[in-house]
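Working notes, beginning with the structure itself.
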Amino acid sequence: SVLHIAMFKWGEQVTQTQVEDFTAALEVLKTQMPILKSFRFGRDLGLRDGNYDYGVVAELAEPHQVAEYLDHDLHQELIKAHVQHMLSERKAVQILNFGD
């Protein structure tokens with residue numbers, strides 16, 4: 001499988017409620033996209049200085065499915081509704097999941 005890993009740094013104006021709403025939207029997305037083999041997400045635990053604020057890990061069966069997931073209307077709607085106005089910085093990487 002392949003893992004798409006995204007990390008988000010929120011802007012200073014972002015509230016606890018906005019992050020909770022984002023988490024709730026990810027919970028819904030997880031149930032609406034059968035292409036996802038697994039889907040994990042959450043706030044940084046604050047164990048190290050300099051970490052990003054939030055992380056999402058989407059597991060997909062095949063590398064070509066990354067684009068299908070990222071470009072899917074439901075994913076794009078979630079980004080527009082939550083991420084765009086909260087985001088200060090984003091990083092992402094796709095890796096093969098050799099732990100299968």
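FYI, nothing fancy with the structure tokens labels: chains A, B, ... in order, residues from 1 per chain, ligands from 1 as they appear.
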- Query: chain A: which residues are strand (DSSP E) by DSSP, as JSON, numbers by chain?
  - Reply: {"A": [2, 3, 4, 5, 6, 7, 8, 9, 10, 36, 37, 38, 39, 40, 41, 42, 43, 54, 55, 56, 57, 58, 59, 60, 87, 88, 89, 90, 91, 92, 93, 94, 95, 96]}
- Query: Could you pull the residues within 8 Å of Ile5 of chain A, counting only C-alpha atoms, minus those fewer than 5 positions along the same chain, as JSON, numbers by chain?
  - Reply: {"A": [55, 56, 57, 58, 92, 93, 94]}
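Counting only C-alpha atoms and comparing A:His72, A:Arg43, A:Lys9, A:Lys37, the residue that lies closest to Leu87 of chain A is A:Lys9.
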- Distance query Leu3 of chain A at most 12 Å, only C-alpha atoms, self and fewer than 4 positions along chain excluded, as a PyMOL selection string: chain A and resi 36-40+56-66+69+92-100
- Going by DSSP on the backbone, which bits of chain A are alpha helix (DSSP H)? Write them as a PyMOL selection string, please. chain A and resi 16-32+65-71+73-78
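As for atom CA of His82 of chain A and atom CA of Asp53 of chain A, they are spaced 14.4 Å apart.
Picture a line from atom CA of Asp44 of chain A to atom CA of Ala81 of chain A; it runs 21.3 Å.
Using only C-alpha atoms, the nearest neighbour of Asn51 of chain A within the list A:Val19, A:Leu70, A:Met7, A:Val28 is A:Met7.
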